[in-house]
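Shown below: protein11.cif, with mmCIF, N, CA and C atoms.
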data_query
loop_
_atom_site.label_atom_id
_atom_site.label_comp_id
_atom_site.auth_asym_id
_atom_site.auth_seq_id
_atom_site.Cartn_x
_atom_site.Cartn_y
_atom_site.Cartn_z
N MET A 20 80.83 101.66 -137.84
CA MET A 20 81.86 101.87 -136.87
C MET A 20 83.10 101.11 -137.28
N LEU A 21 84.28 101.71 -137.16
CA LEU A 21 85.52 101.08 -137.55
C LEU A 21 86.04 100.20 -136.42
N ALA A 22 86.69 99.11 -136.82
CA ALA A 22 87.29 98.23 -135.83
C ALA A 22 88.53 98.88 -135.24
N ASP A 23 88.89 98.48 -134.05
CA ASP A 23 90.11 98.97 -133.40
C ASP A 23 91.30 98.56 -134.24
N PRO A 24 92.10 99.51 -134.75
CA PRO A 24 93.20 99.16 -135.64
C PRO A 24 94.27 98.33 -134.97
N GLY A 25 94.39 98.40 -133.67
CA GLY A 25 95.39 97.60 -132.97
C GLY A 25 94.82 96.31 -132.43
N GLY A 26 93.61 95.97 -132.82
CA GLY A 26 92.90 94.82 -132.26
C GLY A 26 93.68 93.52 -132.26
N ALA A 27 94.15 93.08 -133.40
CA ALA A 27 94.87 91.81 -133.47
C ALA A 27 96.19 91.91 -132.73
N GLY A 28 96.89 93.00 -132.94
CA GLY A 28 98.16 93.18 -132.24
C GLY A 28 97.98 93.24 -130.74
N ASP A 29 96.93 93.93 -130.29
CA ASP A 29 96.65 94.01 -128.87
C ASP A 29 96.28 92.64 -128.31
N ALA A 30 95.52 91.87 -129.07
CA ALA A 30 95.14 90.53 -128.63
C ALA A 30 96.36 89.63 -128.50
N ILE A 31 97.27 89.72 -129.46
CA ILE A 31 98.48 88.90 -129.40
C ILE A 31 99.37 89.35 -128.25
N ALA A 32 99.47 90.65 -128.03
CA ALA A 32 100.26 91.16 -126.90
C ALA A 32 99.67 90.67 -125.58
N SER A 33 98.36 90.70 -125.48
CA SER A 33 97.69 90.22 -124.27
C SER A 33 97.94 88.74 -124.06
N MET A 34 97.90 87.98 -125.15
CA MET A 34 98.16 86.56 -125.06
C MET A 34 99.60 86.32 -124.59
N GLY A 35 100.52 87.13 -125.10
CA GLY A 35 101.91 87.01 -124.68
C GLY A 35 102.07 87.25 -123.19
N SER A 36 101.35 88.23 -122.66
CA SER A 36 101.40 88.52 -121.22
C SER A 36 100.84 87.35 -120.41
N SER A 37 99.78 86.75 -120.91
CA SER A 37 99.20 85.60 -120.22
C SER A 37 100.15 84.41 -120.23
N ILE A 38 100.80 84.19 -121.36
CA ILE A 38 101.76 83.08 -121.46
C ILE A 38 102.94 83.33 -120.53
N ASP A 39 103.39 84.59 -120.46
CA ASP A 39 104.48 84.92 -119.53
C ASP A 39 104.07 84.60 -118.09
N ALA A 40 102.84 84.89 -117.73
CA ALA A 40 102.36 84.61 -116.37
C ALA A 40 102.32 83.10 -116.12
N ILE A 41 101.86 82.33 -117.10
CA ILE A 41 101.83 80.87 -116.95
C ILE A 41 103.25 80.33 -116.84
N PHE A 42 104.15 80.86 -117.66
CA PHE A 42 105.55 80.43 -117.65
C PHE A 42 106.17 80.71 -116.28
N THR A 43 105.93 81.89 -115.74
CA THR A 43 106.45 82.25 -114.43
C THR A 43 105.87 81.35 -113.35
N ALA A 44 104.57 81.12 -113.40
CA ALA A 44 103.93 80.27 -112.40
C ALA A 44 104.45 78.83 -112.48
N ALA A 45 104.62 78.33 -113.69
CA ALA A 45 105.12 76.96 -113.85
C ALA A 45 106.54 76.84 -113.34
N ASN A 46 107.37 77.82 -113.66
CA ASN A 46 108.77 77.77 -113.24
C ASN A 46 108.95 77.95 -111.73
N SER A 47 107.98 78.56 -111.09
CA SER A 47 108.07 78.73 -109.64
C SER A 47 107.38 77.58 -108.90
N GLY A 48 106.82 76.64 -109.66
CA GLY A 48 106.13 75.50 -109.04
C GLY A 48 104.69 75.79 -108.69
N GLY A 49 104.19 76.95 -109.07
CA GLY A 49 102.84 77.34 -108.71
C GLY A 49 101.77 76.89 -109.70
N PHE A 50 102.14 76.15 -110.71
CA PHE A 50 101.17 75.70 -111.71
C PHE A 50 101.55 74.29 -112.15
N GLY A 51 100.58 73.41 -112.09
CA GLY A 51 100.78 72.05 -112.54
C GLY A 51 99.59 71.59 -113.35
N ILE A 52 99.82 70.64 -114.22
CA ILE A 52 98.74 70.10 -115.04
C ILE A 52 99.02 68.63 -115.30
N SER A 53 97.96 67.84 -115.33
CA SER A 53 98.12 66.40 -115.56
C SER A 53 98.69 66.14 -116.94
N GLU A 54 99.22 64.95 -117.12
CA GLU A 54 99.80 64.60 -118.41
C GLU A 54 98.74 64.64 -119.52
N ASN A 55 97.55 64.13 -119.23
CA ASN A 55 96.49 64.13 -120.25
C ASN A 55 96.08 65.55 -120.62
N GLY A 56 95.84 66.38 -119.62
CA GLY A 56 95.46 67.76 -119.88
C GLY A 56 96.57 68.53 -120.56
N GLY A 57 97.79 68.31 -120.08
CA GLY A 57 98.94 68.98 -120.67
C GLY A 57 99.15 68.58 -122.12
N GLN A 58 98.99 67.30 -122.41
CA GLN A 58 99.19 66.84 -123.78
C GLN A 58 98.16 67.44 -124.74
N GLU A 59 96.93 67.60 -124.27
CA GLU A 59 95.91 68.24 -125.09
C GLU A 59 96.30 69.69 -125.40
N LEU A 60 96.79 70.39 -124.39
CA LEU A 60 97.24 71.76 -124.61
C LEU A 60 98.44 71.81 -125.55
N LEU A 61 99.39 70.89 -125.36
CA LEU A 61 100.56 70.85 -126.25
C LEU A 61 100.15 70.59 -127.69
N ASN A 62 99.18 69.69 -127.88
CA ASN A 62 98.70 69.42 -129.25
C ASN A 62 98.09 70.67 -129.88
N ALA A 63 97.29 71.39 -129.10
CA ALA A 63 96.67 72.62 -129.61
C ALA A 63 97.74 73.68 -129.91
N ILE A 64 98.71 73.81 -129.02
CA ILE A 64 99.80 74.78 -129.24
C ILE A 64 100.57 74.41 -130.50
N ASP A 65 100.88 73.12 -130.67
CA ASP A 65 101.62 72.68 -131.84
C ASP A 65 100.84 72.92 -133.13
N ASP A 66 99.53 72.68 -133.09
CA ASP A 66 98.70 72.92 -134.27
C ASP A 66 98.71 74.41 -134.64
N LEU A 67 98.55 75.25 -133.64
CA LEU A 67 98.55 76.70 -133.90
C LEU A 67 99.93 77.16 -134.39
N LYS A 68 100.98 76.62 -133.80
CA LYS A 68 102.33 76.99 -134.21
C LYS A 68 102.58 76.59 -135.66
N THR A 69 102.09 75.43 -136.07
CA THR A 69 102.22 75.00 -137.46
C THR A 69 101.48 75.96 -138.39
N ALA A 70 100.29 76.38 -137.99
CA ALA A 70 99.52 77.32 -138.81
C ALA A 70 100.23 78.67 -138.91
N VAL A 71 100.81 79.13 -137.81
CA VAL A 71 101.53 80.41 -137.82
C VAL A 71 102.76 80.30 -138.72
N GLU A 72 103.49 79.18 -138.61
CA GLU A 72 104.68 79.00 -139.45
C GLU A 72 104.31 78.96 -140.93
N THR A 73 103.19 78.34 -141.26
CA THR A 73 102.72 78.31 -142.64
C THR A 73 102.38 79.72 -143.11
N ALA A 74 101.69 80.47 -142.28
CA ALA A 74 101.34 81.85 -142.64
C ALA A 74 102.59 82.70 -142.83
N LEU A 75 103.58 82.52 -141.98
CA LEU A 75 104.82 83.28 -142.13
C LEU A 75 105.57 82.88 -143.39
N ARG A 76 105.55 81.60 -143.70
CA ARG A 76 106.21 81.11 -144.92
C ARG A 76 105.56 81.72 -146.16
N ASP A 77 104.26 81.92 -146.10
CA ASP A 77 103.52 82.47 -147.23
C ASP A 77 103.39 84.00 -147.16
N SER A 78 104.01 84.62 -146.19
CA SER A 78 103.80 86.05 -145.94
C SER A 78 104.36 86.96 -147.03
N SER A 79 105.28 86.46 -147.84
CA SER A 79 105.82 87.32 -148.90
C SER A 79 104.71 87.77 -149.85
N GLU A 80 103.70 86.95 -150.01
CA GLU A 80 102.56 87.32 -150.87
C GLU A 80 101.80 88.49 -150.28
N LEU A 81 101.74 88.57 -148.96
CA LEU A 81 101.00 89.64 -148.31
C LEU A 81 101.67 91.00 -148.48
N GLN A 82 102.97 91.00 -148.74
CA GLN A 82 103.71 92.25 -148.85
C GLN A 82 103.70 92.83 -150.25
N LYS A 83 103.16 92.07 -151.20
CA LYS A 83 103.11 92.55 -152.58
C LYS A 83 101.93 93.49 -152.78
N GLN A 84 102.11 94.44 -153.68
CA GLN A 84 101.00 95.32 -154.02
C GLN A 84 99.96 94.54 -154.80
N PRO A 85 98.70 94.64 -154.40
CA PRO A 85 97.65 93.91 -155.12
C PRO A 85 97.39 94.53 -156.49
N ALA A 86 96.93 93.71 -157.40
CA ALA A 86 96.59 94.18 -158.75
C ALA A 86 95.20 94.80 -158.71
N LEU A 87 95.17 96.10 -158.52
CA LEU A 87 93.89 96.82 -158.43
C LEU A 87 93.59 97.67 -159.65
N GLY A 88 94.47 97.64 -160.60
CA GLY A 88 94.28 98.47 -161.77
C GLY A 88 95.13 99.73 -161.68
N SER A 89 94.77 100.72 -162.51
CA SER A 89 95.60 101.92 -162.58
C SER A 89 94.81 103.21 -162.36
N THR A 90 93.64 103.10 -161.78
CA THR A 90 92.87 104.31 -161.48
C THR A 90 93.59 105.09 -160.37
N PRO A 91 93.29 106.37 -160.22
CA PRO A 91 93.92 107.13 -159.14
C PRO A 91 93.69 106.51 -157.76
N ALA A 92 92.49 106.01 -157.55
CA ALA A 92 92.20 105.38 -156.25
C ALA A 92 93.04 104.12 -156.07
N ALA A 93 93.13 103.30 -157.12
CA ALA A 93 93.92 102.07 -157.05
C ALA A 93 95.39 102.40 -156.78
N ASN A 94 95.91 103.42 -157.44
CA ASN A 94 97.31 103.80 -157.23
C ASN A 94 97.55 104.33 -155.82
N THR A 95 96.52 104.86 -155.21
CA THR A 95 96.64 105.33 -153.82
C THR A 95 96.61 104.16 -152.85
N TYR A 96 95.73 103.20 -153.10
CA TYR A 96 95.55 102.08 -152.17
C TYR A 96 96.61 100.99 -152.29
N LYS A 97 97.14 100.76 -153.48
CA LYS A 97 98.09 99.65 -153.67
C LYS A 97 99.27 99.69 -152.69
N PRO A 98 99.99 100.79 -152.56
CA PRO A 98 101.13 100.77 -151.63
C PRO A 98 100.68 100.63 -150.16
N PHE A 99 99.55 101.23 -149.84
CA PHE A 99 99.03 101.14 -148.48
C PHE A 99 98.69 99.70 -148.12
N LEU A 100 97.99 99.03 -149.01
CA LEU A 100 97.59 97.65 -148.75
C LEU A 100 98.80 96.73 -148.59
N ALA A 101 99.86 97.00 -149.33
CA ALA A 101 101.06 96.17 -149.23
C ALA A 101 101.76 96.34 -147.89
N THR A 102 101.57 97.48 -147.23
CA THR A 102 102.25 97.69 -145.95
C THR A 102 101.45 97.19 -144.75
N ILE A 103 100.20 96.86 -144.95
CA ILE A 103 99.37 96.39 -143.84
C ILE A 103 100.00 95.16 -143.19
N ALA A 104 100.49 94.23 -143.98
CA ALA A 104 101.07 93.01 -143.43
C ALA A 104 102.42 93.25 -142.77
N SER A 105 103.21 94.16 -143.33
CA SER A 105 104.59 94.30 -142.87
C SER A 105 104.85 95.47 -141.93
N ASP A 106 103.87 96.29 -141.67
CA ASP A 106 104.07 97.44 -140.79
C ASP A 106 104.68 96.97 -139.46
N PRO A 107 105.80 97.56 -139.04
CA PRO A 107 106.48 97.07 -137.84
C PRO A 107 105.69 97.24 -136.54
N VAL A 108 104.73 98.15 -136.53
CA VAL A 108 103.97 98.40 -135.30
C VAL A 108 102.65 97.62 -135.29
N GLN A 109 101.90 97.68 -136.39
CA GLN A 109 100.57 97.08 -136.42
C GLN A 109 100.43 95.98 -137.45
N GLY A 110 101.51 95.58 -138.10
CA GLY A 110 101.42 94.62 -139.19
C GLY A 110 101.15 93.19 -138.74
N ALA A 111 100.57 92.44 -139.65
CA ALA A 111 100.27 91.04 -139.38
C ALA A 111 101.53 90.21 -139.24
N ILE A 112 102.54 90.49 -140.03
CA ILE A 112 103.76 89.67 -140.00
C ILE A 112 104.48 89.81 -138.66
N PRO A 113 104.74 91.02 -138.16
CA PRO A 113 105.36 91.12 -136.83
C PRO A 113 104.50 90.48 -135.73
N ALA A 114 103.19 90.61 -135.85
CA ALA A 114 102.29 90.01 -134.86
C ALA A 114 102.40 88.48 -134.91
N LEU A 115 102.50 87.92 -136.10
CA LEU A 115 102.64 86.47 -136.23
C LEU A 115 103.98 86.00 -135.68
N ARG A 116 105.03 86.77 -135.91
CA ARG A 116 106.36 86.40 -135.35
C ARG A 116 106.32 86.40 -133.83
N LYS A 117 105.65 87.40 -133.25
CA LYS A 117 105.51 87.46 -131.79
C LYS A 117 104.70 86.27 -131.29
N LEU A 118 103.63 85.95 -131.99
CA LEU A 118 102.81 84.80 -131.62
C LEU A 118 103.63 83.51 -131.69
N GLN A 119 104.45 83.38 -132.70
CA GLN A 119 105.30 82.19 -132.84
C GLN A 119 106.21 82.04 -131.61
N THR A 120 106.83 83.13 -131.19
CA THR A 120 107.68 83.10 -129.99
C THR A 120 106.87 82.76 -128.75
N ASP A 121 105.70 83.37 -128.64
CA ASP A 121 104.83 83.10 -127.49
C ASP A 121 104.42 81.63 -127.43
N LEU A 122 104.18 81.03 -128.57
CA LEU A 122 103.78 79.62 -128.60
C LEU A 122 104.92 78.70 -128.17
N VAL A 123 106.15 79.06 -128.52
CA VAL A 123 107.31 78.29 -128.05
C VAL A 123 107.38 78.38 -126.52
N ASN A 124 107.17 79.58 -125.98
CA ASN A 124 107.18 79.77 -124.53
C ASN A 124 106.02 79.03 -123.86
N ALA A 125 104.86 79.02 -124.50
CA ALA A 125 103.71 78.31 -123.95
C ALA A 125 103.99 76.81 -123.89
N HIS A 126 104.61 76.29 -124.93
CA HIS A 126 104.96 74.87 -124.98
C HIS A 126 105.88 74.52 -123.81
N ALA A 127 106.90 75.35 -123.59
CA ALA A 127 107.84 75.12 -122.49
C ALA A 127 107.12 75.21 -121.13
N ALA A 128 106.22 76.17 -121.00
CA ALA A 128 105.49 76.34 -119.74
C ALA A 128 104.61 75.14 -119.44
N ILE A 129 103.95 74.61 -120.44
CA ILE A 129 103.09 73.44 -120.23
C ILE A 129 103.93 72.22 -119.88
N ASN A 130 105.07 72.06 -120.55
CA ASN A 130 105.96 70.94 -120.19
C ASN A 130 106.41 71.05 -118.73
N LYS A 131 106.77 72.25 -118.30
CA LYS A 131 107.19 72.45 -116.92
C LYS A 131 106.02 72.20 -115.97
N ALA A 132 104.84 72.64 -116.33
CA ALA A 132 103.66 72.42 -115.49
C ALA A 132 103.35 70.92 -115.36
N MET A 133 103.54 70.18 -116.44
CA MET A 133 103.34 68.73 -116.38
C MET A 133 104.36 68.09 -115.44
N GLN A 134 105.58 68.57 -115.50
CA GLN A 134 106.63 68.08 -114.60
C GLN A 134 106.27 68.41 -113.14
N ASN A 135 105.78 69.62 -112.91
CA ASN A 135 105.36 70.02 -111.56
C ASN A 135 104.27 69.10 -111.03
N TYR A 136 103.31 68.82 -111.87
CA TYR A 136 102.19 67.95 -111.46
C TYR A 136 102.71 66.57 -111.10
N GLN A 137 103.59 66.04 -111.94
CA GLN A 137 104.14 64.70 -111.70
C GLN A 137 104.92 64.67 -110.38
N GLU A 138 105.72 65.71 -110.14
CA GLU A 138 106.50 65.77 -108.90
C GLU A 138 105.59 65.88 -107.68
N THR A 139 104.52 66.64 -107.80
CA THR A 139 103.56 66.77 -106.70
C THR A 139 102.87 65.44 -106.45
N GLU A 140 102.47 64.76 -107.52
CA GLU A 140 101.83 63.45 -107.38
C GLU A 140 102.77 62.45 -106.70
N GLN A 141 104.03 62.46 -107.11
CA GLN A 141 104.99 61.55 -106.49
C GLN A 141 105.20 61.87 -105.02
N ALA A 142 105.27 63.14 -104.69
CA ALA A 142 105.44 63.55 -103.30
C ALA A 142 104.23 63.16 -102.47
N ASN A 143 103.04 63.35 -103.02
CA ASN A 143 101.82 63.01 -102.31
C ASN A 143 101.66 61.50 -102.17
N THR A 144 102.08 60.74 -103.14
CA THR A 144 102.01 59.28 -103.06
C THR A 144 102.90 58.78 -101.93
N GLY A 145 104.04 59.43 -101.77
CA GLY A 145 104.96 59.04 -100.70
C GLY A 145 104.39 59.25 -99.33
N ILE A 146 103.46 60.19 -99.20
CA ILE A 146 102.83 60.45 -97.90
C ILE A 146 101.98 59.27 -97.48
N TRP A 147 101.33 58.60 -98.41
CA TRP A 147 100.37 57.55 -98.11
C TRP A 147 100.98 56.15 -98.12
N THR A 148 102.22 56.04 -98.47
CA THR A 148 102.80 54.69 -98.53
C THR A 148 103.67 54.39 -97.35
#

Produce structure tokens that represent the structure in this file.
Amino acid sequence: MLADPGGAGDAIASMGSSIDAIFTAANSGGFGISENGGQELLNAIDDLKTAVETALRDSSELQKQPALGSTPAANTYKPFLATIASDPVQGAIPALRKLQTDLVNAHAAINKAMQNYQETEQANTGIWT
């Protein structure tokens, strides 16, 4: 059975939608997270963002035709394989660029959520003092 050709792209699009929802919730004050929890998420986001940036920096290699020889089959597959990474609809490179943007948004959302949590804690502390 063949894998869903849009699988990775669909997963990244879905992740983008989830990040948008977190961003909206954080900006409306509906999502907060403690500094410790938020920092753990920020560290994970930063690690993934670094990996994505490294992959994008090295992506020129993915766009080259592989050395498969000169058989008729190789000549058919070489150009196809070179477009897998760069295809504007299903390619790995556009998907990684989208993920990079989503990670920047996730970072901002977590920072806002940490601020929300701190503000809520301060407001609640004022109730008891």

Residue IDs satisfying the PyMOL selection byres (((chain A and resi 56-72 and name CA) around 10) and name CA), as a PyMOL selection string: chain A and resi 51-55+73-78+112+115-116+118-123+125-134+136

Expressed in Å to a single decimal, how great is the separation between atom CA of Asn124 of chain A and atom CA of Ser36 of chain A?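 We find that atom CA of Asn124 of chain A and atom CA of Ser36 of chain A lie 11.0 Å from each other.
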
Could you list, as a ChimeraX atom specification, every residue within 12 Å of Asp29 of chain A, counting only C-alpha atoms and ignoring same-chain residues fewer than 5 positions away? /A:23-24,34-36,108-111,114,117-118

Quick one: of A:Gln82, A:Ala142, A:Thr90, A:Ile38, who's nearest to Ala104 of chain A, counting all atoms listed in the file? A:Gln82

Find the distance between atom C of Ala45 of chain A and atom C of Thr139 of chain A and write it in Å to one decimal.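 Here the two named atoms are 13.8 Å from each other.
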
Would you compute the distance between atom C of Phe99 of chain A and atom C of Lys83 of chain A? Give it in Å to one decimal.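 Going from atom C of Phe99 of chain A over to atom C of Lys83 of chain A covers 8.4 Å.
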
Taking the chain letters and numbering used in this document, name the residues of chain A that DSSP puts in alpha helix (DSSP H), as a PyMOL selection string. chain A and resi 26-46+54-76+91-105+111-147

Got a minute to add N, CA, C and O atoms to segment 119-134 of chain A and dump it as a short mmCIF file (atom, residue, chain, number, x, y, z; two decimals), keeping the file's coordinate frame?
data_model
loop_
_atom_site.label_atom_id
_atom_site.label_comp_id
_atom_site.auth_asym_id
_atom_site.auth_seq_id
_atom_site.Cartn_x
_atom_site.Cartn_y
_atom_site.Cartn_z
N GLN A 119 104.45 83.38 -132.70
CA GLN A 119 105.30 82.19 -132.84
C GLN A 119 106.21 82.04 -131.61
O GLN A 119 106.32 80.95 -131.05
N THR A 120 106.83 83.13 -131.19
CA THR A 120 107.68 83.10 -129.99
C THR A 120 106.87 82.76 -128.75
O THR A 120 107.29 81.96 -127.91
N ASP A 121 105.70 83.37 -128.64
CA ASP A 121 104.83 83.10 -127.49
C ASP A 121 104.42 81.63 -127.43
O ASP A 121 104.32 81.05 -126.34
N LEU A 122 104.18 81.03 -128.57
CA LEU A 122 103.78 79.62 -128.60
C LEU A 122 104.92 78.70 -128.17
O LEU A 122 104.70 77.69 -127.49
N VAL A 123 106.15 79.06 -128.52
CA VAL A 123 107.31 78.29 -128.05
C VAL A 123 107.38 78.38 -126.52
O VAL A 123 107.60 77.37 -125.83
N ASN A 124 107.17 79.58 -125.98
CA ASN A 124 107.18 79.77 -124.53
C ASN A 124 106.02 79.03 -123.86
O ASN A 124 106.19 78.46 -122.77
N ALA A 125 104.86 79.02 -124.50
CA ALA A 125 103.71 78.31 -123.95
C ALA A 125 103.99 76.81 -123.89
O ALA A 125 103.65 76.14 -122.91
N HIS A 126 104.61 76.29 -124.93
CA HIS A 126 104.96 74.87 -124.98
C HIS A 126 105.88 74.52 -123.81
O HIS A 126 105.66 73.54 -123.09
N ALA A 127 106.90 75.35 -123.59
CA ALA A 127 107.84 75.12 -122.49
C ALA A 127 107.12 75.21 -121.13
O ALA A 127 107.39 74.42 -120.22
N ALA A 128 106.22 76.17 -121.00
CA ALA A 128 105.49 76.34 -119.74
C ALA A 128 104.61 75.14 -119.44
O ALA A 128 104.56 74.68 -118.29
N ILE A 129 103.95 74.61 -120.44
CA ILE A 129 103.09 73.44 -120.23
C ILE A 129 103.93 72.22 -119.88
O ILE A 129 103.57 71.44 -118.99
N ASN A 130 105.07 72.06 -120.55
CA ASN A 130 105.96 70.94 -120.19
C ASN A 130 106.41 71.05 -118.73
O ASN A 130 106.42 70.05 -118.00
N LYS A 131 106.77 72.25 -118.30
CA LYS A 131 107.19 72.45 -116.92
C LYS A 131 106.02 72.20 -115.97
O LYS A 131 106.20 71.59 -114.90
N ALA A 132 104.84 72.64 -116.33
CA ALA A 132 103.66 72.42 -115.49
C ALA A 132 103.35 70.92 -115.36
O ALA A 132 102.94 70.46 -114.30
N MET A 133 103.54 70.18 -116.44
CA MET A 133 103.34 68.73 -116.38
C MET A 133 104.36 68.09 -115.44
O MET A 133 104.03 67.19 -114.66
N GLN A 134 105.58 68.57 -115.50
CA GLN A 134 106.63 68.08 -114.60
C GLN A 134 106.27 68.41 -113.14
O GLN A 134 106.41 67.56 -112.26
#
